[in-house]
file protein-v6.pdb (PDB, C-alpha atoms, pLDDT in the B column)
ATOM      1  CA  MET A 325      35.999-214.450-107.192  1.00 47.00           C
ATOM      2  CA  PHE A 326      34.492-211.048-107.591  1.00 41.00           C
ATOM      3  CA  GLY A 327      31.258-212.227-105.897  1.00 44.00           C
ATOM      4  CA  SER A 328      33.057-213.657-102.914  1.00 45.00           C
ATOM      5  CA  SER A 329      35.072-210.472-102.515  1.00 48.00           C
ATOM      6  CA  LEU A 330      31.892-208.368-102.635  1.00 42.00           C
ATOM      7  CA  ARG A 331      30.235-210.586-100.000  1.00 48.00           C
ATOM      8  CA  LEU A 332      33.260-210.187 -97.759  1.00 45.00           C
ATOM      9  CA  LYS A 333      33.071-206.387 -97.927  1.00 49.00           C
ATOM     10  CA  LEU A 334      29.325-206.387 -97.157  1.00 44.00           C
ATOM     11  CA  TRP A 335      29.876-208.652 -94.178  1.00 44.00           C
ATOM     12  CA  GLN A 336      32.616-206.374 -92.824  1.00 48.00           C
ATOM     13  CA  ARG A 337      30.346-203.289 -93.256  1.00 48.00           C
ATOM     14  CA  ARG A 338      27.572-204.970 -91.263  1.00 45.00           C
ATOM     15  CA  LEU A 339      29.975-205.756 -88.511  1.00 41.00           C
ATOM     16  CA  SER A 340      31.141-202.102 -88.337  1.00 44.00           C
ATOM     17  CA  VAL A 341      27.538-200.803 -88.197  1.00 42.00           C
ATOM     18  CA  ALA A 342      26.193-203.353 -85.765  1.00 42.00           C
ATOM     19  CA  ALA A 343      29.138-203.355 -83.361  1.00 42.00           C
ATOM     20  CA  PRO A 344      28.452-201.381 -80.120  1.00 44.00           C
ATOM     21  CA  LYS A 345      30.492-198.278 -79.259  1.00 45.00           C
ATOM     22  CA  VAL A 346      33.058-198.847 -76.544  1.00 42.00           C
ATOM     23  CA  SER A 347      34.338-196.020 -74.235  1.00 44.00           C
ATOM     24  CA  ILE A 348      36.995-196.225 -71.536  1.00 44.00           C
ATOM     25  CA  ARG A 349      36.008-194.706 -68.156  1.00 46.00           C
ATOM     26  CA  HIS A 350      38.146-194.218 -65.120  1.00 45.00           C
ATOM     27  CA  HIS A 351      36.193-194.607 -61.887  1.00 47.00           C
ATOM     28  CA  LEU A 352      37.206-191.974 -59.251  1.00 48.00           C
ATOM     29  CA  PRO A 353      35.809-191.593 -55.709  1.00 54.00           C
ATOM     30  CA  TRP A 354      33.020-188.988 -55.535  1.00 52.00           C
ATOM     31  CA  PRO A 355      34.779-186.732 -52.940  1.00 56.00           C
ATOM     32  CA  LEU A 356      37.736-186.443 -55.283  1.00 54.00           C
ATOM     33  CA  ARG A 357      35.377-185.652 -58.141  1.00 56.00           C
ATOM     34  CA  LEU A 358      33.783-182.851 -56.111  1.00 53.00           C
ATOM     35  CA  LEU A 359      37.190-181.459 -55.202  1.00 56.00           C
ATOM     36  CA  LEU A 360      38.339-181.498 -58.819  1.00 57.00           C
ATOM     37  CA  MET A 361      35.075-179.919 -59.920  1.00 56.00           C
ATOM     38  CA  ALA A 362      35.450-177.136 -57.319  1.00 55.00           C
ATOM     39  CA  VAL A 363      39.025-176.486 -58.433  1.00 52.00           C
ATOM     40  CA  VAL A 364      37.964-176.343 -62.063  1.00 50.00           C
ATOM     41  CA  LEU A 365      35.055-174.032 -61.303  1.00 52.00           C
ATOM     42  CA  GLY A 366      37.323-171.781 -59.210  1.00 54.00           C
ATOM     43  CA  LEU A 367      39.899-171.561 -61.985  1.00 53.00           C
ATOM     44  CA  ALA A 368      37.169-170.901 -64.506  1.00 50.00           C
ATOM     45  CA  GLY A 369      35.696-168.130 -62.318  1.00 53.00           C
ATOM     46  CA  ALA A 370      39.094-166.507 -61.815  1.00 54.00           C
ATOM     47  CA  ILE A 371      39.823-166.654 -65.534  1.00 53.00           C
ATOM     48  CA  ALA A 372      36.377-165.249 -66.310  1.00 51.00           C
ATOM     49  CA  LEU A 373      36.781-162.406 -63.821  1.00 56.00           C
ATOM     50  CA  GLY A 374      40.235-161.543 -65.112  1.00 55.00           C
ATOM     51  CA  THR A 375      38.970-161.696 -68.671  1.00 53.00           C
ATOM     52  CA  TYR A 376      36.041-159.441 -67.755  1.00 53.00           C
ATOM     53  CA  ASP A 377      38.285-156.832 -66.117  1.00 62.00           C
ATOM     54  CA  LEU A 378      40.726-156.945 -69.009  1.00 54.00           C
ATOM     55  CA  GLY A 379      37.912-156.696 -71.511  1.00 55.00           C
ATOM     56  CA  ARG A 380      36.448-153.731 -69.679  1.00 59.00           C
ATOM     57  CA  GLN A 381      39.805-151.962 -69.710  1.00 58.00           C
ATOM     58  CA  LEU A 382      40.205-152.722 -73.390  1.00 52.00           C
ATOM     59  CA  ALA A 383      36.682-151.513 -74.070  1.00 53.00           C
ATOM     60  CA  LYS A 384      37.423-148.237 -72.339  1.00 57.00           C
ATOM     61  CA  SER A 385      40.809-147.640 -73.902  1.00 55.00           C
ATOM     62  CA  GLY A 386      40.197-149.217 -77.285  1.00 54.00           C
ATOM     63  CA  MET A 387      43.854-150.242 -77.375  1.00 54.00           C
ATOM     64  CA  PRO A 388      45.662-153.464 -76.519  1.00 57.00           C
ATOM     65  CA  VAL A 389      47.217-153.663 -73.076  1.00 55.00           C
ATOM     66  CA  ASP A 390      50.931-153.051 -72.967  1.00 65.00           C
ATOM     67  CA  PRO A 391      52.658-155.467 -70.547  1.00 72.00           C
ATOM     68  CA  ALA A 392      55.004-152.711 -69.413  1.00 73.00           C
ATOM     69  CA  GLU A 393      52.044-150.433 -68.727  1.00 67.00           C
ATOM     70  CA  LEU A 394      50.347-153.248 -66.838  1.00 68.00           C
ATOM     71  CA  ASP A 395      53.475-153.685 -64.687  1.00 73.00           C
ATOM     72  CA  GLY A 396      53.501-149.938 -64.056  1.00 71.00           C
ATOM     73  CA  LEU A 397      49.888-150.048 -62.938  1.00 70.00           C
ATOM     74  CA  ARG A 398      50.682-152.916 -60.589  1.00 74.00           C
ATOM     75  CA  GLU A 399      53.604-150.954 -59.137  1.00 77.00           C
ATOM     76  CA  ARG A 400      51.430-147.857 -58.739  1.00 73.00           C
ATOM     77  CA  LEU A 401      48.766-149.952 -56.999  1.00 72.00           C
ATOM     78  CA  SER A 402      51.404-151.267 -54.623  1.00 77.00           C
ATOM     79  CA  GLN A 403      52.558-147.705 -53.858  1.00 75.00           C
ATOM     80  CA  VAL A 404      48.990-146.526 -53.242  1.00 70.00           C
ATOM     81  CA  SER A 405      48.385-149.483 -50.925  1.00 75.00           C
ATOM     82  CA  ALA A 406      51.569-148.660 -48.997  1.00 76.00           C
ATOM     83  CA  GLU A 407      50.490-144.989 -48.699  1.00 73.00           C
ATOM     84  CA  ARG A 408      47.065-146.091 -47.519  1.00 73.00           C
ATOM     85  CA  ASP A 409      48.616-148.302 -44.828  1.00 76.00           C
ATOM     86  CA  ARG A 410      50.918-145.460 -43.767  1.00 75.00           C
ATOM     87  CA  PHE A 411      48.049-142.962 -43.553  1.00 67.00           C
ATOM     88  CA  SER A 412      45.952-145.519 -41.655  1.00 72.00           C
ATOM     89  CA  GLY A 413      48.770-145.926 -39.131  1.00 74.00           C
ATOM     90  CA  SER A 414      49.076-142.157 -38.834  1.00 73.00           C
ATOM     91  CA  MET A 415      45.326-141.845 -38.219  1.00 72.00           C
ATOM     92  CA  ASP A 416      45.483-144.507 -35.497  1.00 76.00           C
ATOM     93  CA  ALA A 417      48.381-142.674 -33.857  1.00 77.00           C
ATOM     94  CA  ALA A 418      46.511-139.358 -34.121  1.00 75.00           C
ATOM     95  CA  GLU A 419      43.395-140.929 -32.586  1.00 79.00           C
ATOM     96  CA  SER A 420      45.460-142.282 -29.696  1.00 83.00           C
ATOM     97  CA  GLN A 421      47.044-138.872 -29.186  1.00 83.00           C
ATOM     98  CA  LEU A 422      43.615-137.246 -29.266  1.00 82.00           C
ATOM     99  CA  GLN A 423      42.332-139.631 -26.597  1.00 86.00           C
ATOM    100  CA  ILE A 424      45.372-138.860 -24.454  1.00 89.00           C
ATOM    101  CA  GLU A 425      44.748-135.126 -24.867  1.00 87.00           C
ATOM    102  CA  ARG A 426      41.066-135.551 -23.990  1.00 87.00           C
ATOM    103  CA  SER A 427      41.996-137.486 -20.872  1.00 89.00           C
ATOM    104  CA  ALA A 428      44.535-134.813 -19.931  1.00 89.00           C
ATOM    105  CA  GLN A 429      41.900-132.129 -20.545  1.00 89.00           C
ATOM    106  CA  LYS A 430      39.457-133.888 -18.212  1.00 90.00           C
ATOM    107  CA  GLN A 431      42.131-134.137 -15.544  1.00 90.00           C
ATOM    108  CA  LEU A 432      42.950-130.442 -15.950  1.00 90.00           C
ATOM    109  CA  ALA A 433      39.249-129.553 -15.707  1.00 90.00           C
ATOM    110  CA  ALA A 434      38.968-131.567 -12.481  1.00 90.00           C
ATOM    111  CA  GLN A 435      42.079-129.850 -11.111  1.00 90.00           C
ATOM    112  CA  VAL A 436      40.693-126.430 -12.042  1.00 90.00           C
ATOM    113  CA  LYS A 437      37.418-127.269 -10.289  1.00 89.00           C
ATOM    114  CA  THR A 438      39.340-128.351  -7.189  1.00 89.00           C
ATOM    115  CA  LEU A 439      41.429-125.169  -7.267  1.00 89.00           C
ATOM    116  CA  ILE A 440      38.301-123.030  -7.588  1.00 90.00           C
ATOM    117  CA  ALA A 441      36.782-124.733  -4.538  1.00 86.00           C
ATOM    118  CA  GLU A 442      40.033-124.336  -2.612  1.00 86.00           C
ATOM    119  CA  ASN A 443      40.205-120.687  -3.637  1.00 87.00           C
ATOM    120  CA  ALA A 444      36.701-120.149  -2.285  1.00 83.00           C
ATOM    121  CA  ARG A 445      37.713-121.741   0.996  1.00 79.00           C
ATOM    122  CA  LEU A 446      40.816-119.577   1.199  1.00 83.00           C
ATOM    123  CA  LYS A 447      38.662-116.509   0.651  1.00 81.00           C
ATOM    124  CA  GLU A 448      36.469-117.638   3.532  1.00 73.00           C
ATOM    125  CA  ASP A 449      39.534-118.104   5.710  1.00 72.00           C
ATOM    126  CA  LEU A 450      40.836-114.687   4.689  1.00 74.00           C
ATOM    127  CA  ALA A 451      37.470-113.124   5.505  1.00 69.00           C
ATOM    128  CA  PHE A 452      37.650-114.792   8.878  1.00 61.00           C
ATOM    129  CA  PHE A 453      41.140-113.540   9.700  1.00 65.00           C
ATOM    130  CA  GLU A 454      40.154-110.071   8.556  1.00 63.00           C
ATOM    131  CA  SER A 455      37.167-110.250  10.880  1.00 56.00           C
ATOM    132  CA  LEU A 456      38.881-111.298  14.087  1.00 53.00           C
ATOM    133  CA  LEU A 457      38.252-107.981  15.773  1.00 49.00           C
ATOM    134  CA  PRO A 458      35.519-108.169  18.433  1.00 47.00           C
ATOM    135  CA  SER A 459      33.562-105.393  16.784  1.00 43.00           C
ATOM    136  CA  SER A 460      33.116-107.500  13.672  1.00 41.00           C
ATOM    137  CA  THR A 461      31.418-110.431  15.375  1.00 45.00           C
ATOM    138  CA  GLY A 462      28.676-108.866  17.448  1.00 44.00           C
ATOM    139  CA  ALA A 463      28.030-108.879  21.160  1.00 44.00           C
ATOM    140  CA  ALA A 464      28.137-112.626  21.575  1.00 49.00           C
ATOM    141  CA  GLY A 465      31.448-112.996  19.721  1.00 82.00           C
ATOM    142  CA  ILE A 466      30.065-115.683  17.317  1.00 91.00           C
ATOM    143  CA  ALA A 467      29.346-114.958  13.662  1.00 90.00           C
ATOM    144  CA  ILE A 468      28.343-116.842  10.500  1.00 91.00           C
ATOM    145  CA  ARG A 469      30.228-115.997   7.328  1.00 82.00           C
ATOM    146  CA  ARG A 470      29.398-116.839   3.714  1.00 82.00           C
ATOM    147  CA  LEU A 471      26.325-119.020   4.047  1.00 91.00           C
ATOM    148  CA  THR A 472      25.605-120.535   0.616  1.00 92.00           C
ATOM    149  CA  ALA A 473      23.020-123.066  -0.562  1.00 94.00           C
ATOM    150  CA  GLU A 474      22.386-124.701  -3.936  1.00 94.00           C
ATOM    151  CA  MET A 475      20.327-127.538  -5.347  1.00 94.00           C
ATOM    152  CA  ILE A 476      22.522-130.375  -6.616  1.00 93.00           C
ATOM    153  CA  ALA A 477      19.588-132.700  -7.392  1.00 91.00           C
ATOM    154  CA  PRO A 478      15.794-132.349  -7.586  1.00 90.00           C
ATOM    155  CA  ASN A 479      15.479-133.240  -3.884  1.00 92.00           C
ATOM    156  CA  GLN A 480      18.976-132.502  -2.520  1.00 95.00           C
ATOM    157  CA  LEU A 481      20.163-129.180  -1.085  1.00 96.00           C
ATOM    158  CA  LYS A 482      23.857-128.553  -0.469  1.00 95.00           C
ATOM    159  CA  TYR A 483      24.863-125.959   2.107  1.00 95.00           C
ATOM    160  CA  ARG A 484      28.167-124.381   3.159  1.00 92.00           C
ATOM    161  CA  LEU A 485      29.024-121.887   5.877  1.00 92.00           C
ATOM    162  CA  LEU A 486      31.864-120.662   8.069  1.00 89.00           C
ATOM    163  CA  VAL A 487      31.332-120.112  11.798  1.00 91.00           C
ATOM    164  CA  MET A 488      33.816-117.841  13.630  1.00 87.00           C
ATOM    165  CA  GLN A 489      34.537-116.787  17.181  1.00 86.00           C
ATOM    166  CA  GLY A 490      35.902-113.285  17.537  1.00 77.00           C
ATOM    167  CA  GLY A 491      38.569-112.013  19.818  1.00 71.00           C
ATOM    168  CA  LYS A 492      41.473-114.110  20.997  1.00 67.00           C
ATOM    169  CA  GLY A 493      39.462-117.309  21.251  1.00 62.00           C
ATOM    170  CA  GLU A 494      40.429-117.991  24.840  1.00 71.00           C
ATOM    171  CA  ARG A 495      37.844-120.770  25.174  1.00 83.00           C
ATOM    172  CA  ASN A 496      36.496-123.456  22.911  1.00 90.00           C
ATOM    173  CA  PHE A 497      33.009-122.859  21.622  1.00 92.00           C
ATOM    174  CA  VAL A 498      30.702-125.860  21.976  1.00 94.00           C
ATOM    175  CA  GLY A 499      27.293-125.741  20.360  1.00 95.00           C
ATOM    176  CA  ASN A 500      25.370-126.972  17.371  1.00 95.00           C
ATOM    177  CA  LEU A 501      24.090-125.850  13.988  1.00 96.00           C
ATOM    178  CA  GLN A 502      20.395-125.669  13.142  1.00 96.00           C
ATOM    179  CA  LEU A 503      19.129-125.163   9.576  1.00 97.00           C
ATOM    180  CA  THR A 504      15.634-124.001   8.719  1.00 96.00           C
ATOM    181  CA  VAL A 505      14.547-124.539   5.111  1.00 96.00           C
ATOM    182  CA  ASN A 506      11.425-122.767   3.839  1.00 96.00           C
ATOM    183  CA  VAL A 507       9.878-124.651   0.928  1.00 95.00           C
ATOM    184  CA  VAL A 508       6.769-124.594  -1.249  1.00 94.00           C
ATOM    185  CA  ARG A 509       5.156-127.970  -1.859  1.00 91.00           C
ATOM    186  CA  GLU A 510       1.885-128.619  -3.641  1.00 89.00           C
ATOM    187  CA  GLY A 511       1.175-124.884  -3.534  1.00 89.00           C
ATOM    188  CA  LYS A 512       1.605-124.635   0.235  1.00 92.00           C
ATOM    189  CA  ASN A 513       4.397-123.077   2.287  1.00 94.00           C
ATOM    190  CA  ALA A 514       6.203-125.376   4.687  1.00 94.00           C
ATOM    191  CA  MET A 515       9.179-125.144   7.037  1.00 94.00           C
ATOM    192  CA  MET A 516      11.659-127.942   7.607  1.00 94.00           C
ATOM    193  CA  ILE A 517      14.174-127.979  10.476  1.00 94.00           C
ATOM    194  CA  PHE A 518      17.472-129.866  10.400  1.00 95.00           C
ATOM    195  CA  PRO A 519      18.615-131.867  12.201  1.00 91.00           C
ATOM    196  CA  ASP A 520      15.526-133.860  12.964  1.00 84.00           C
ATOM    197  CA  ASN A 521      15.916-135.604  16.307  1.00 76.00           C
ATOM    198  CA  LYS A 522      14.370-138.726  14.793  1.00 77.00           C
ATOM    199  CA  SER A 523      16.872-138.922  11.928  1.00 73.00           C
ATOM    200  CA  GLY A 524      19.903-139.667  14.085  1.00 77.00           C
ATOM    201  CA  GLU A 525      22.037-137.032  12.345  1.00 83.00           C
ATOM    202  CA  THR A 526      22.532-134.667  15.274  1.00 86.00           C
ATOM    203  CA  GLU A 527      26.260-135.518  15.482  1.00 87.00           C
ATOM    204  CA  LYS A 528      26.830-134.004  12.030  1.00 89.00           C
ATOM    205  CA  PHE A 529      25.547-130.621  13.260  1.00 94.00           C
ATOM    206  CA  LYS A 530      27.616-130.349  16.441  1.00 93.00           C
ATOM    207  CA  LEU A 531      30.220-127.552  16.753  1.00 95.00           C
ATOM    208  CA  THR A 532      33.468-127.565  18.703  1.00 94.00           C
ATOM    209  CA  PHE A 533      36.124-125.006  17.769  1.00 92.00           C
ATOM    210  CA  GLN A 534      38.372-122.308  19.183  1.00 87.00           C
ATOM    211  CA  HIS A 535      38.627-119.831  16.303  1.00 84.00           C
ATOM    212  CA  TYR A 536      36.473-121.086  13.405  1.00 85.00           C
ATOM    213  CA  GLN A 537      34.845-124.150  11.876  1.00 90.00           C
ATOM    214  CA  ARG A 538      33.769-124.792   8.314  1.00 89.00           C
ATOM    215  CA  LEU A 539      30.546-126.766   7.781  1.00 92.00           C
ATOM    216  CA  GLU A 540      29.026-128.281   4.657  1.00 92.00           C
ATOM    217  CA  GLY A 541      26.607-131.072   3.864  1.00 93.00           C
ATOM    218  CA  VAL A 542      23.604-132.229   1.861  1.00 94.00           C
ATOM    219  CA  LEU A 543      19.971-132.106   2.997  1.00 95.00           C
ATOM    220  CA  ASN A 544      17.422-134.550   1.597  1.00 93.00           C
ATOM    221  CA  LEU A 545      14.117-132.854   0.798  1.00 94.00           C
ATOM    222  CA  PRO A 546      10.696-134.300  -0.096  1.00 92.00           C
ATOM    223  CA  GLU A 547       9.839-134.861  -3.734  1.00 91.00           C
ATOM    224  CA  GLY A 548       8.334-131.795  -5.406  1.00 90.00           C
ATOM    225  CA  ALA A 549       9.583-129.320  -2.767  1.00 92.00           C
ATOM    226  CA  THR A 550      10.839-125.944  -4.021  1.00 94.00           C
ATOM    227  CA  VAL A 551      13.288-124.200  -1.704  1.00 95.00           C
ATOM    228  CA  GLN A 552      12.746-120.506  -1.052  1.00 95.00           C
ATOM    229  CA  THR A 553      15.204-119.590   1.727  1.00 96.00           C
ATOM    230  CA  VAL A 554      17.671-121.265   4.075  1.00 97.00           C
ATOM    231  CA  GLN A 555      18.440-119.952   7.543  1.00 96.00           C
ATOM    232  CA  ALA A 556      21.409-121.093   9.652  1.00 97.00           C
ATOM    233  CA  ARG A 557      21.425-120.699  13.435  1.00 96.00           C
ATOM    234  CA  ILE A 558      24.259-121.297  15.884  1.00 96.00           C
ATOM    235  CA  LEU A 559      22.936-122.545  19.221  1.00 95.00           C
ATOM    236  CA  GLU A 560      24.733-122.752  22.538  1.00 93.00           C
ATOM    237  CA  LYS A 561      22.845-124.474  25.332  1.00 91.00           C
ATOM    238  CA  GLY A 562      19.601-123.861  23.487  1.00 89.00           C
ATOM    239  CA  GLN A 563      20.245-120.123  22.978  1.00 93.00           C
ATOM    240  CA  VAL A 564      20.758-118.536  19.559  1.00 94.00           C
ATOM    241  CA  ARG A 565      24.248-117.033  19.348  1.00 93.00           C
ATOM    242  CA  ALA A 566      24.253-116.135  15.604  1.00 94.00           C
ATOM    243  CA  GLN A 567      22.037-116.544  12.541  1.00 95.00           C
ATOM    244  CA  GLN A 568      22.116-115.794   8.813  1.00 95.00           C
ATOM    245  CA  SER A 569      19.781-116.407   5.869  1.00 95.00           C
ATOM    246  CA  ALA A 570      20.402-117.138   2.198  1.00 93.00           C
ATOM    247  CA  LYS A 571      18.072-117.193  -0.814  1.00 90.00           C
ATOM    248  CA  LEU A 572      18.283-119.617  -3.706  1.00 84.00           C
TER
END
call {"tool": "encode", "arguments": {"input": "protein-v6.pdb", "output": "structure tokens"}}
result
Amino acid sequence: MFGSSLRLKLWQRRLSVAAPKVSIRHHLPWPLRLLLMAVVLGLAGAIALGTYDLGRQLAKSGMPVDPAELDGLRERLSQVSAERDRFSGSMDAAESQLQIERSAQKQLAAQVKTLIAENARLKEDLAFFESLLPSSTGAAGIAIRRLTAEMIAPNQLKYRLLVMQGGKGERNFVGNLQLTVNVVREGKNAMMIFPDNKSGETEKFKLTFQHYQRLEGVLNLPEGATVQTVQARILEKGQVRAQQSAKL
């Protein structure tokens, strides 16, 4: 009896040792596994980051975090964010206003430049009307007033002048303007006459007026030419009626 009972126990122990381990596995599709793994890793990273920040705060303060204090910090952070957004909006508005003011300043500068040019022209007109007496224009009755010349580019010369006819202006003056430009190029003096008959610009230099005519234009010069003087001549039927020179 005892022997049979002992053999039964030994047989049961062998079965428990020799029996293979059995585990239950649920087979899931691999895309779902990847998604679950990403979610788990994301949650783990968020928890780790939050734990790190909390641990750093605790390490600095040495005291446990009070939930009420944490709520106060969150509220303060919200207020600071709102102030930042408000200041950012104010800066954008200020930048827009500054651009508007800059644009207005440019427009005012252009208007001032136009007014200065118009003022110069009015001065020329005033000088003309003050010089209508025959004695002010010379024997021929034609005079040049305020001849000016300036370089506006390395090879471009801008000129301006006012031509007047003295007296009552009983007849229209018909003639043409001739400009002589003395230049230095490659160490040599040279003289250029405008208009050049070959250039086809003679129409721009014709004069037809009763009292006065204002003339201005741009002359194209050779590269490397340095202008010394400019002389304007008023011609009528090939004869010089008036002339004036200007230095740069």
call {"tool": "residues_around", "arguments": {"input": "protein-v6.pdb", "residues": "Glu547 of chain A", "least_positions_apart": "3", "cutoff": "10 Å", "atoms": "only C-alpha atoms", "output": "PyMOL selection string"}}
result
chain A and resi 478-480+509+544+550
call {"tool": "write_last_selection", "arguments": {"input": "protein-v6.pdb", "atoms": "C-alpha atoms", "output": "JSON list (two decimals), in the coordinates of the input"}}
result
[["chain", "number", "residue", "atom", "x", "y", "z"],
["A", 478, "PRO", "CA", 15.79, -132.35, -7.59],
["A", 479, "ASN", "CA", 15.48, -133.24, -3.88],
["A", 480, "GLN", "CA", 18.98, -132.50, -2.52],
["A", 509, "ARG", "CA", 5.16, -127.97, -1.86],
["A", 544, "ASN", "CA", 17.42, -134.55, 1.60],
["A", 550, "THR", "CA", 10.84, -125.94, -4.02]]
call {"tool": "atom_distance", "arguments": {"input": "protein-v6.pdb", "atom1": "atom CA of Asn443 of chain A", "atom2": "atom CA of Lys571 of chain A"}}
result
22.6 Å
call {"tool": "closest_residue", "arguments": {"input": "protein-v6.pdb", "among": "A:Leu503, A:Val436, A:Ala549, A:Val564", "to": "Pro519 of chain A", "atoms": "all atoms listed in the file"}}
result
A:Leu503
call {"tool": "residues_around", "arguments": {"input": "protein-v6.pdb", "residues": "Leu485 of chain A", "least_positions_apart": "4", "cutoff": "12 Å", "atoms": "all atoms listed in the file", "output": "PyMOL selection string"}}
result
chain A and resi 444-445+448-449+452+467-473+501-503+529+536-541+554-558+567-570
call {"tool": "write_last_selection", "arguments": {"input": "protein-v6.pdb", "atoms": "C-alpha atoms", "output": "tab-separated table (two decimals), keeping the file's coordinate frame"}}
result
chain	number	residue	atom	x	y	z
A	444	ALA	CA	36.70	-120.15	-2.28
A	445	ARG	CA	37.71	-121.74	1.00
A	448	GLU	CA	36.47	-117.64	3.53
A	449	ASP	CA	39.53	-118.10	5.71
A	452	PHE	CA	37.65	-114.79	8.88
A	467	ALA	CA	29.35	-114.96	13.66
A	468	ILE	CA	28.34	-116.84	10.50
A	469	ARG	CA	30.23	-116.00	7.33
A	470	ARG	CA	29.40	-116.84	3.71
A	471	LEU	CA	26.32	-119.02	4.05
A	472	THR	CA	25.60	-120.54	0.62
A	473	ALA	CA	23.02	-123.07	-0.56
A	501	LEU	CA	24.09	-125.85	13.99
A	502	GLN	CA	20.40	-125.67	13.14
A	503	LEU	CA	19.13	-125.16	9.58
A	529	PHE	CA	25.55	-130.62	13.26
A	536	TYR	CA	36.47	-121.09	13.40
A	537	GLN	CA	34.84	-124.15	11.88
A	538	ARG	CA	33.77	-124.79	8.31
A	539	LEU	CA	30.55	-126.77	7.78
A	540	GLU	CA	29.03	-128.28	4.66
A	541	GLY	CA	26.61	-131.07	3.86
A	554	VAL	CA	17.67	-121.26	4.08
A	555	GLN	CA	18.44	-119.95	7.54
A	556	ALA	CA	21.41	-121.09	9.65
A	557	ARG	CA	21.42	-120.70	13.44
A	558	ILE	CA	24.26	-121.30	15.88
A	567	GLN	CA	22.04	-116.54	12.54
A	568	GLN	CA	22.12	-115.79	8.81
A	569	SER	CA	19.78	-116.41	5.87
A	570	ALA	CA	20.40	-117.14	2.20
call {"tool": "resolve_selection", "arguments": {"input": "protein-v6.pdb", "expression": "the PyMOL selection byres ((chain A and resi 489) around 6)", "output": "NGL selection string"}}
result
:A and (465-466 or 488 or 490 or 535)
call {"tool": "atom_distance", "arguments": {"input": "protein-v6.pdb", "atom1": "atom CA of Thr504 of chain A", "atom2": "atom CA of Gly524 of chain A"}}
result
17.1 Å
call {"tool": "atom_distance", "arguments": {"input": "protein-v6.pdb", "atom1": "atom CA of Gly562 of chain A", "atom2": "atom CA of Ile517 of chain A"}}
result
14.7 Å
call {"tool": "closest_residue", "arguments": {"input": "protein-v6.pdb", "among": "A:Lys530, A:Arg408, A:Lys512, A:Arg398", "to": "Glu560 of chain A", "atoms": "all atoms listed in the file"}}
result
A:Lys530
